[in-house]
Amino acid sequence: MTATIIDGKAFAAGIRARVADHVTRLKEESGITPGLAVVLVGEDPASAVYVRNKGRQTVEVGMNSYEHKLPAETSEGDLLALIERLNADPAVHGILVQLPLPKHLNADLVINAIDPAKDVDGFHISNVGLLGTGQKAMVPCTPLGCLMMLRDRLGDLSGLDAVVVGRSNIVGKPMAQLLLGDNCTVTIAHSRTKNLADVCRRADILVAAVGRPGMIPGDWVKPGATVIDVGINRIPAPEKGEGKTRLVGDVDFASAVEVAGAITPVPGGVGPMTIACLLANTLTACCRAHG
Ligand code: GUN
């Protein structure tokens, strides 16, 4: 059996098209244009690429994009002052501070300074608490994208065994909350989990978010399971030429595709969904701000 490949690129394009339609109507009917501010501190090359992509796609769906690029040595006070200004700016409906921040900045303090209503990443402690208690929250973009693909593929998730490998605040923990909200039986596994292979083999839904290239082989996958690979790992690819690299997930795709019922590829799976959900969250924040 070969798994169905879940096309995150096409799925994300559909979300962006719906967001763009909604933005057009909002402009026509109310004269409001949603605005997203993205703050990048320092010159991390991967972060710079993400921020550029976010800015481009924000404009493509008809929203305003405000990019704030600050030097790596920016003080906490200056960064907090910028966030205060963005919180108070009625043209800004969403604020995203790209992570990781340089070491001298306290990421928790910075994130919790964002107005929770503009926290389109869903990382503010208020949104984390709202999500954890089943209330209306801004939901982190990557797990939200994963949930959308799972619902699309499986319909009702009630009663399914879901295993989330990875316990990060950005993906693993909110993913587990979302799956619990959809009535799955949820296990969060991590680097200290005993018999990880056996735990994974129980999963009807297996979400891998550990950041270790190919660490989950096909024989850890239950036959017919739906596998969501959140990992985006850049590894050397000497077969493509000296110094070349390629992207791989946390799941060993070649072996897992033979066992799973459906699987997301890397690239082209979860990745494109993250920015699409960010745009959807920005639209949501804008609509909530304007009643
Ligand atoms: N860095 C890696 N992923 C993310 C994300 O989803 N949001 C932010 N702000 N930074 C990130």
# chains A, B, ... in the order shown; residues from 1 in each chain; ligands from 1

$ select_by_dssp --residues "stretch 96-239 of chain A" --states "strand (DSSP E)" --output "compact mmCIF listing (two decimals) with C-alpha atoms, in the first residue's frame"
# COMPACT_ATOMS: atom_id res chain seq x y z
CA LEU A 96 4.33 38.66 15.08
CA VAL A 97 7.78 38.73 16.65
CA ASP A 161 -5.50 7.73 19.14
CA ALA A 162 -3.24 10.71 18.45
CA VAL A 163 0.46 10.76 19.30
CA VAL A 164 2.34 14.05 19.15
CA VAL A 165 6.10 13.60 19.19
CA THR A 185 -7.08 10.32 22.94
CA VAL A 186 -3.81 12.23 23.04
CA THR A 187 -0.30 11.19 24.01
CA ILE A 188 2.58 13.67 24.01
CA ALA A 189 5.87 11.86 23.50
CA ILE A 205 -2.76 10.18 13.97
CA LEU A 206 1.00 10.66 14.28
CA VAL A 207 2.33 14.21 14.45
CA ALA A 208 6.12 14.54 14.35
CA THR A 226 -2.36 9.62 9.08
CA VAL A 227 1.13 11.06 9.47
CA ILE A 228 1.74 14.80 9.81
CA ASP A 229 5.40 15.73 9.53
CA ASN A 233 15.41 19.98 8.53
CA ARG A 234 18.13 21.03 6.13
CA ILE A 235 20.65 18.25 5.54
CA PRO A 236 23.68 17.88 3.26

$ residues_near_ligand --ligand "ligand 1" --cutoff "8 Å" --atoms "only C-alpha atoms and all ligand atoms" --output "list of chain:residue names"
A:Ser47, A:Leu96, A:Val97, A:Gln98, A:Leu99, A:Pro100, A:Asp121, A:Pro140, A:Cys141, A:Thr142, A:Ile170, A:Thr274

$ write_last_selection --atoms "N, CA and C atoms" --output "mmCIF file, in the first residue's frame"
data_model
loop_
_atom_site.group_PDB
_atom_site.id
_atom_site.type_symbol
_atom_site.label_atom_id
_atom_site.label_comp_id
_atom_site.auth_asym_id
_atom_site.auth_seq_id
_atom_site.Cartn_x
_atom_site.Cartn_y
_atom_site.Cartn_z
ATOM 1 N N SER A 47 15.354 32.969 9.466
ATOM 2 C CA SER A 47 14.283 33.878 9.902
ATOM 3 C C SER A 47 14.026 34.948 8.844
ATOM 4 N N LEU A 96 3.539 39.894 14.963
ATOM 5 C CA LEU A 96 4.327 38.659 15.084
ATOM 6 C C LEU A 96 5.781 39.047 15.324
ATOM 7 N N VAL A 97 6.356 38.546 16.389
ATOM 8 C CA VAL A 97 7.784 38.727 16.647
ATOM 9 C C VAL A 97 8.464 37.418 16.264
ATOM 10 N N GLN A 98 9.310 37.485 15.238
ATOM 11 C CA GLN A 98 9.929 36.261 14.737
ATOM 12 C C GLN A 98 10.865 35.659 15.799
ATOM 13 N N LEU A 99 10.747 34.370 16.018
ATOM 14 C CA LEU A 99 11.614 33.650 16.952
ATOM 15 C C LEU A 99 12.592 32.787 16.158
ATOM 16 N N PRO A 100 13.748 32.471 16.659
ATOM 17 C CA PRO A 100 14.244 32.836 17.977
ATOM 18 C C PRO A 100 14.745 34.282 18.033
ATOM 19 N N ASP A 121 0.256 34.817 16.498
ATOM 20 C CA ASP A 121 1.000 33.577 16.700
ATOM 21 C C ASP A 121 0.332 32.686 17.754
ATOM 22 N N PRO A 140 -2.032 28.949 17.623
ATOM 23 C CA PRO A 140 -0.754 28.927 16.901
ATOM 24 C C PRO A 140 -0.899 28.332 15.488
ATOM 25 N N CYS A 141 -0.207 28.974 14.555
ATOM 26 C CA CYS A 141 -0.468 28.737 13.126
ATOM 27 C C CYS A 141 -0.110 27.320 12.658
ATOM 28 N N THR A 142 1.032 26.807 13.083
ATOM 29 C CA THR A 142 1.437 25.492 12.565
ATOM 30 C C THR A 142 0.483 24.386 13.040
ATOM 31 N N ILE A 170 5.500 25.974 20.733
ATOM 32 C CA ILE A 170 5.058 26.471 19.427
ATOM 33 C C ILE A 170 4.211 25.432 18.694
ATOM 34 N N THR A 274 1.457 27.008 7.412
ATOM 35 C CA THR A 274 1.729 27.892 8.550
ATOM 36 C C THR A 274 1.441 29.351 8.184
#

$ closest_residue --among "A:Pro71, A:Gly35, A:Gly94, A:Gly62" --to "A:Val120" --atoms "only C-alpha atoms"
A:Gly94

$ residues_around --residues "A:Leu157" --least-positions-apart "4" --cutoff "7 Å" --atoms "only C-alpha atoms" --output "list in words"
Arg151, Asp182, Asn183 and Cys184 of chain A

$ residues_around --residues "A:Cys146" --least-positions-apart "3" --cutoff "8 Å" --atoms "only C-alpha atoms" --output "PyMOL selection string"
chain A and resi 142-143+149-150+175+228+270+273

$ select_by_dssp --residues "stretch 79-265 of chain A" --states "alpha helix (DSSP H)" --output "PyMOL selection string"
chain A and resi 79-88+107-111+125-132+141-154+172-181+196-201+253-256

$ closest_residue --among "A:Lys222, A:Lys103, A:Lys194, A:Arg212" --to "A:Val259" --atoms "only C-alpha atoms"
A:Lys222

$ residues_around --residues "stretch 50-55 of chain A" --least-positions-apart "5" --cutoff "8 Å" --atoms "only C-alpha atoms" --output "short mmCIF file (atom, residue, chain, number, x, y, z; two decimals) with C-alpha atoms, in the first residue's frame"
data_model
loop_
_atom_site.label_atom_id
_atom_site.label_comp_id
_atom_site.auth_asym_id
_atom_site.auth_seq_id
_atom_site.Cartn_x
_atom_site.Cartn_y
_atom_site.Cartn_z
CA VAL A 38 6.25 41.41 11.62
CA LEU A 40 12.63 40.64 13.05
CA SER A 65 2.36 44.38 5.70
CA TYR A 66 4.51 46.33 8.14
CA GLU A 67 8.04 44.96 8.51
CA GLN A 98 9.93 36.26 14.74
CA ILE A 275 1.74 31.21 6.68
#

$ residues_around --residues "A:Glu43" --least-positions-apart "4" --cutoff "10 Å" --atoms "only C-alpha atoms" --output "JSON, numbers by chain"
{"A": [47, 48, 69, 70, 71, 72, 102]}

$ write_last_selection --atoms "C-alpha atoms" --output "compact mmCIF listing (two decimals), in the first residue's frame"
# COMPACT_ATOMS: atom_id res chain seq x y z
CA SER A 47 14.28 33.88 9.90
CA ALA A 48 14.95 36.49 7.21
CA LYS A 69 13.84 44.92 11.01
CA LEU A 70 15.90 45.73 14.06
CA PRO A 71 19.64 45.21 14.65
CA ALA A 72 20.74 42.16 16.67
CA PRO A 102 18.90 37.02 20.20

$ closest_atom_pairs --of "stretch 228-290 of chain A" --to "stretch 215-219 of chain A" --cutoff "8 Å" --atoms "only C-alpha atoms" --output "JSON lines"
{"residue": "A:Asp250", "atom": "CA", "partner": "A:Met215", "partner_atom": "CA", "distance": 5.5}
{"residue": "A:Val251", "atom": "CA", "partner": "A:Ile216", "partner_atom": "CA", "distance": 4.5}
{"residue": "A:Asp252", "atom": "CA", "partner": "A:Pro217", "partner_atom": "CA", "distance": 5.0}
{"residue": "A:Phe253", "atom": "CA", "partner": "A:Gly218", "partner_atom": "CA", "distance": 7.6}
{"residue": "A:Ala254", "atom": "CA", "partner": "A:Gly218", "partner_atom": "CA", "distance": 7.8}
{"residue": "A:Ser255", "atom": "CA", "partner": "A:Gly218", "partner_atom": "CA", "distance": 4.5}
{"residue": "A:Ala256", "atom": "CA", "partner": "A:Gly218", "partner_atom": "CA", "distance": 3.7}
{"residue": "A:Val257", "atom": "CA", "partner": "A:Gly218", "partner_atom": "CA", "distance": 7.3}
{"residue": "A:Glu258", "atom": "CA", "partner": "A:Gly218", "partner_atom": "CA", "distance": 7.3}
{"residue": "A:Val259", "atom": "CA", "partner": "A:Gly218", "partner_atom": "CA", "distance": 6.3}
{"residue": "A:Ala260", "atom": "CA", "partner": "A:Gly218", "partner_atom": "CA", "distance": 7.9}

$ closest_residue --among "A:Ala46, A:Ala13, A:Leu147, A:Ala88" --to "A:Val61" --atoms "only C-alpha atoms"
A:Ala13

$ atom_distance --atom1 "atom CA of A:Met148" --atom2 "atom CA of A:Ala176"
13.9 Å
